[in-house]
Structures are given as structure tokens and as C-alpha cells.
Amino acid sequence: PPLPPGPTRRAPLGAVAGARSGDKGGSANIGVWARNEDAWRWLAHTLTVDRLRELLPETAPLKITRHPLPRLRALNFVVAGLLGEGVAAQARFDPQAKAVGEWLRSRHLDIPEVLF
């Protein structure tokens, strides 16, 4: 179930969640996990595909698949085509998508005060 409503604080996602990312051909994988059960309840209901598109606008036109992993308190997102044809086919700043997870963690959103 989602967390009950309460006061929030505008802060980076990384204040309450970890992330790691990488590539597979032209797609990027972004894993995001919560540190405790309350943070997981919030993350699972907040970090939807639509919210990911808002936080990472460069993903907006791309196909995104979300995989919840509740026993790990984690979500995995596969962003198809973020890297074009893959690492060897371009000169993108982060051609292997290694920094996408940290870019996501740096994005600000309203986070419940109880998670700090």
C-alpha cells in the first residue's frame, strides 16, 4: 500500500534511493532501490514510467518498460533506444549509460518527510 499522506520536502531522489545503470546494445537499464520498507512503499507508487519520463525528459519519446522487484525493494527500467544503435555507434557523452542512474538520483521531487 502507498504511504499515508503527510508533509513532503523537495529533494533529490538520491536522498532516499540508490541507483545503478548500464547498457545493453542501444537500450539503457536503470535499477533503483529503496533502503527500507517505507521508502519502498513510496518508491513503488511514485516512480512510474510517466514519472521517469518527467524526471528524465530525454526518455520521453522512447519505449520504457518497468519491472518491479518487491523482494529486493527495487525497480528496473529498460529504456529502449536511449543509446541509439549502441556504444560503438555514437559519440554520446555517456555512451554506456553508466551515469543515467546518478542523473536520475539528482532529480528533485516531493519526498515524504518521514523518509528522511
# chains A, B, ... in the order shown; residues from 1 in each chain; ligands from 1

call {"tool": "residues_around", "arguments": {"residues": "Glu37 of chain A", "least_positions_apart": "5", "cutoff": "12 Å", "atoms": "only C-alpha atoms", "output": "PyMOL selection string"}}
result
chain A and resi 1-3+16-17+42-44+70-74+114-115

call {"tool": "residues_around", "arguments": {"residues": "Glu58 of chain A", "least_positions_apart": "5", "cutoff": "12 Å", "atoms": "only C-alpha atoms", "output": "list in words"}}
result
Leu52, Arg53, Lys63, Ile64, Val79, Ala80, Gly81, Leu82, Leu83, Val100, Trp103 and Leu104 of chain A

call {"tool": "closest_residue", "arguments": {"among": "A:Ile111, A:Pro4, A:Ala60, A:Gly18", "to": "Ile30 of chain A", "atoms": "only C-alpha atoms"}}
result
A:Gly18

call {"tool": "residues_around", "arguments": {"residues": "Thr8 of chain A", "least_positions_apart": "5", "cutoff": "7 Å", "atoms": "only C-alpha atoms", "output": "number ranges by chain"}}
result
A: 110-113

call {"tool": "select_by_dssp", "arguments": {"residues": "chain A", "states": "alpha helix (DSSP H)", "output": "mmCIF file with N, CA and C atoms, in the first residue's frame"}}
result
data_model
loop_
_atom_site.group_PDB
_atom_site.id
_atom_site.type_symbol
_atom_site.label_atom_id
_atom_site.label_comp_id
_atom_site.auth_asym_id
_atom_site.auth_seq_id
_atom_site.Cartn_x
_atom_site.Cartn_y
_atom_site.Cartn_z
ATOM 1 N N GLU A 37 11.571 -0.424 4.085
ATOM 2 C CA GLU A 37 10.225 -0.771 3.618
ATOM 3 C C GLU A 37 9.351 0.454 3.340
ATOM 4 N N ASP A 38 9.420 1.487 4.193
ATOM 5 C CA ASP A 38 8.628 2.688 3.940
ATOM 6 C C ASP A 38 9.069 3.382 2.658
ATOM 7 N N ALA A 39 10.364 3.471 2.447
ATOM 8 C CA ALA A 39 10.868 4.085 1.213
ATOM 9 C C ALA A 39 10.440 3.267 -0.002
ATOM 10 N N TRP A 40 10.401 1.939 0.135
ATOM 11 C CA TRP A 40 9.937 1.089 -0.963
ATOM 12 C C TRP A 40 8.468 1.351 -1.282
ATOM 13 N N ARG A 41 7.652 1.449 -0.240
ATOM 14 C CA ARG A 41 6.225 1.721 -0.457
ATOM 15 C C ARG A 41 6.045 3.013 -1.240
ATOM 16 N N TRP A 42 6.809 4.039 -0.898
ATOM 17 C CA TRP A 42 6.732 5.316 -1.605
ATOM 18 C C TRP A 42 7.279 5.184 -3.028
ATOM 19 N N LEU A 43 8.451 4.577 -3.167
ATOM 20 C CA LEU A 43 9.092 4.445 -4.471
ATOM 21 C C LEU A 43 8.221 3.665 -5.455
ATOM 22 N N ALA A 44 7.672 2.557 -5.007
ATOM 23 C CA ALA A 44 6.867 1.700 -5.880
ATOM 24 C C ALA A 44 5.647 2.423 -6.439
ATOM 25 N N HIS A 45 5.078 3.347 -5.669
ATOM 26 C CA HIS A 45 3.893 4.071 -6.112
ATOM 27 C C HIS A 45 4.229 5.382 -6.809
ATOM 28 N N THR A 46 5.438 5.879 -6.614
ATOM 29 C CA THR A 46 5.810 7.186 -7.151
ATOM 30 C C THR A 46 6.590 7.094 -8.459
ATOM 31 N N VAL A 49 6.494 4.864 -14.935
ATOM 32 C CA VAL A 49 7.078 5.181 -16.245
ATOM 33 C C VAL A 49 6.837 6.653 -16.574
ATOM 34 N N ASP A 50 5.641 7.148 -16.314
ATOM 35 C CA ASP A 50 5.358 8.560 -16.602
ATOM 36 C C ASP A 50 6.229 9.492 -15.772
ATOM 37 N N ARG A 51 6.436 9.149 -14.494
ATOM 38 C CA ARG A 51 7.290 9.990 -13.647
ATOM 39 C C ARG A 51 8.741 9.935 -14.125
ATOM 40 N N LEU A 52 9.201 8.765 -14.548
ATOM 41 C CA LEU A 52 10.567 8.656 -15.091
ATOM 42 C C LEU A 52 10.713 9.566 -16.308
ATOM 43 N N ARG A 53 9.712 9.584 -17.176
ATOM 44 C CA ARG A 53 9.753 10.461 -18.352
ATOM 45 C C ARG A 53 9.837 11.934 -17.946
ATOM 46 N N GLU A 54 9.132 12.315 -16.876
ATOM 47 C CA GLU A 54 9.193 13.694 -16.377
ATOM 48 C C GLU A 54 10.575 14.014 -15.836
ATOM 49 N N LEU A 55 11.141 13.086 -15.070
ATOM 50 C CA LEU A 55 12.436 13.329 -14.436
ATOM 51 C C LEU A 55 13.597 13.276 -15.432
ATOM 52 N N VAL A 100 23.407 7.376 -16.066
ATOM 53 C CA VAL A 100 21.963 7.649 -16.089
ATOM 54 C C VAL A 100 21.346 7.460 -14.706
ATOM 55 N N GLY A 101 21.765 6.450 -13.965
ATOM 56 C CA GLY A 101 21.243 6.230 -12.616
ATOM 57 C C GLY A 101 21.540 7.396 -11.687
ATOM 58 N N GLU A 102 22.754 7.926 -11.769
ATOM 59 C CA GLU A 102 23.102 9.080 -10.925
ATOM 60 C C GLU A 102 22.373 10.336 -11.391
ATOM 61 N N TRP A 103 22.159 10.472 -12.689
ATOM 62 C CA TRP A 103 21.383 11.593 -13.219
ATOM 63 C C TRP A 103 19.962 11.533 -12.652
ATOM 64 N N LEU A 104 19.370 10.337 -12.634
ATOM 65 C CA LEU A 104 18.038 10.169 -12.056
ATOM 66 C C LEU A 104 18.044 10.503 -10.567
ATOM 67 N N ARG A 105 19.052 10.038 -9.831
ATOM 68 C CA ARG A 105 19.131 10.318 -8.384
ATOM 69 C C ARG A 105 19.253 11.814 -8.099
ATOM 70 N N SER A 106 19.769 12.581 -9.040
ATOM 71 C CA SER A 106 19.953 14.022 -8.830
ATOM 72 C C SER A 106 18.680 14.825 -9.075
#

call {"tool": "select_by_dssp", "arguments": {"residues": "chain A", "states": "strand (DSSP E)", "output": "number ranges by chain"}}
result
A: 8-12, 17-24, 27-34, 64-69, 74-79, 108-112

call {"tool": "atom_distance", "arguments": {"atom1": "atom CA of Arg9 of chain A", "atom2": "atom CA of Asn29 of chain A"}}
result
27.8 Å

call {"tool": "residues_around", "arguments": {"residues": "Gly22 of chain A", "least_positions_apart": "6", "cutoff": "6 Å", "atoms": "only C-alpha atoms", "output": "ChimeraX atom specification"}}
result
/A:28-29,96-98

call {"tool": "atom_distance", "arguments": {"atom1": "atom CA of Thr48 of chain A", "atom2": "atom CA of Ala11 of chain A"}}
result
17.7 Å

call {"tool": "decode", "arguments": {"residues": "segment 33-47 of chain A", "atoms": "N, CA and C atoms", "output": "PDB file, in the first residue's frame"}}
result
ATOM      1  N   TRP A  33      16.616   1.346  -6.101  1.00  0.00           N
ATOM      2  CA  TRP A  33      16.193   0.575  -4.934  1.00  0.00           C
ATOM      3  C   TRP A  33      16.025   1.468  -3.718  1.00  0.00           C
ATOM      4  N   ALA A  34      15.159   1.003  -2.819  1.00  0.00           N
ATOM      5  CA  ALA A  34      14.866   1.706  -1.574  1.00  0.00           C
ATOM      6  C   ALA A  34      15.648   1.079  -0.442  1.00  0.00           C
ATOM      7  N   ARG A  35      15.964   1.885   0.551  1.00  0.00           N
ATOM      8  CA  ARG A  35      16.784   1.415   1.670  1.00  0.00           C
ATOM      9  C   ARG A  35      15.973   0.748   2.779  1.00  0.00           C
ATOM     10  N   ASN A  36      14.669   1.012   2.821  1.00  0.00           N
ATOM     11  CA  ASN A  36      13.827   0.399   3.848  1.00  0.00           C
ATOM     12  C   ASN A  36      12.413   0.219   3.308  1.00  0.00           C
ATOM     13  N   GLU A  37      11.571  -0.424   4.085  1.00  0.00           N
ATOM     14  CA  GLU A  37      10.225  -0.771   3.618  1.00  0.00           C
ATOM     15  C   GLU A  37       9.351   0.454   3.340  1.00  0.00           C
ATOM     16  N   ASP A  38       9.420   1.487   4.193  1.00  0.00           N
ATOM     17  CA  ASP A  38       8.628   2.688   3.940  1.00  0.00           C
ATOM     18  C   ASP A  38       9.069   3.382   2.658  1.00  0.00           C
ATOM     19  N   ALA A  39      10.364   3.471   2.447  1.00  0.00           N
ATOM     20  CA  ALA A  39      10.868   4.085   1.213  1.00  0.00           C
ATOM     21  C   ALA A  39      10.440   3.267  -0.002  1.00  0.00           C
ATOM     22  N   TRP A  40      10.401   1.939   0.135  1.00  0.00           N
ATOM     23  CA  TRP A  40       9.937   1.089  -0.963  1.00  0.00           C
ATOM     24  C   TRP A  40       8.468   1.351  -1.282  1.00  0.00           C
ATOM     25  N   ARG A  41       7.652   1.449  -0.240  1.00  0.00           N
ATOM     26  CA  ARG A  41       6.225   1.721  -0.457  1.00  0.00           C
ATOM     27  C   ARG A  41       6.045   3.013  -1.240  1.00  0.00           C
ATOM     28  N   TRP A  42       6.809   4.039  -0.898  1.00  0.00           N
ATOM     29  CA  TRP A  42       6.732   5.316  -1.605  1.00  0.00           C
ATOM     30  C   TRP A  42       7.279   5.184  -3.028  1.00  0.00           C
ATOM     31  N   LEU A  43       8.451   4.577  -3.167  1.00  0.00           N
ATOM     32  CA  LEU A  43       9.092   4.445  -4.471  1.00  0.00           C
ATOM     33  C   LEU A  43       8.221   3.665  -5.455  1.00  0.00           C
ATOM     34  N   ALA A  44       7.672   2.557  -5.007  1.00  0.00           N
ATOM     35  CA  ALA A  44       6.867   1.700  -5.880  1.00  0.00           C
ATOM     36  C   ALA A  44       5.647   2.423  -6.439  1.00  0.00           C
ATOM     37  N   HIS A  45       5.078   3.347  -5.669  1.00  0.00           N
ATOM     38  CA  HIS A  45       3.893   4.071  -6.112  1.00  0.00           C
ATOM     39  C   HIS A  45       4.229   5.382  -6.809  1.00  0.00           C
ATOM     40  N   THR A  46       5.438   5.879  -6.614  1.00  0.00           N
ATOM     41  CA  THR A  46       5.810   7.186  -7.151  1.00  0.00           C
ATOM     42  C   THR A  46       6.590   7.094  -8.459  1.00  0.00           C
ATOM     43  N   LEU A  47       7.553   6.202  -8.525  1.00  0.00           N
ATOM     44  CA  LEU A  47       8.427   6.152  -9.691  1.00  0.00           C
ATOM     45  C   LEU A  47       7.817   5.254 -10.768  1.00  0.00           C
TER      46      LEU A  47
END
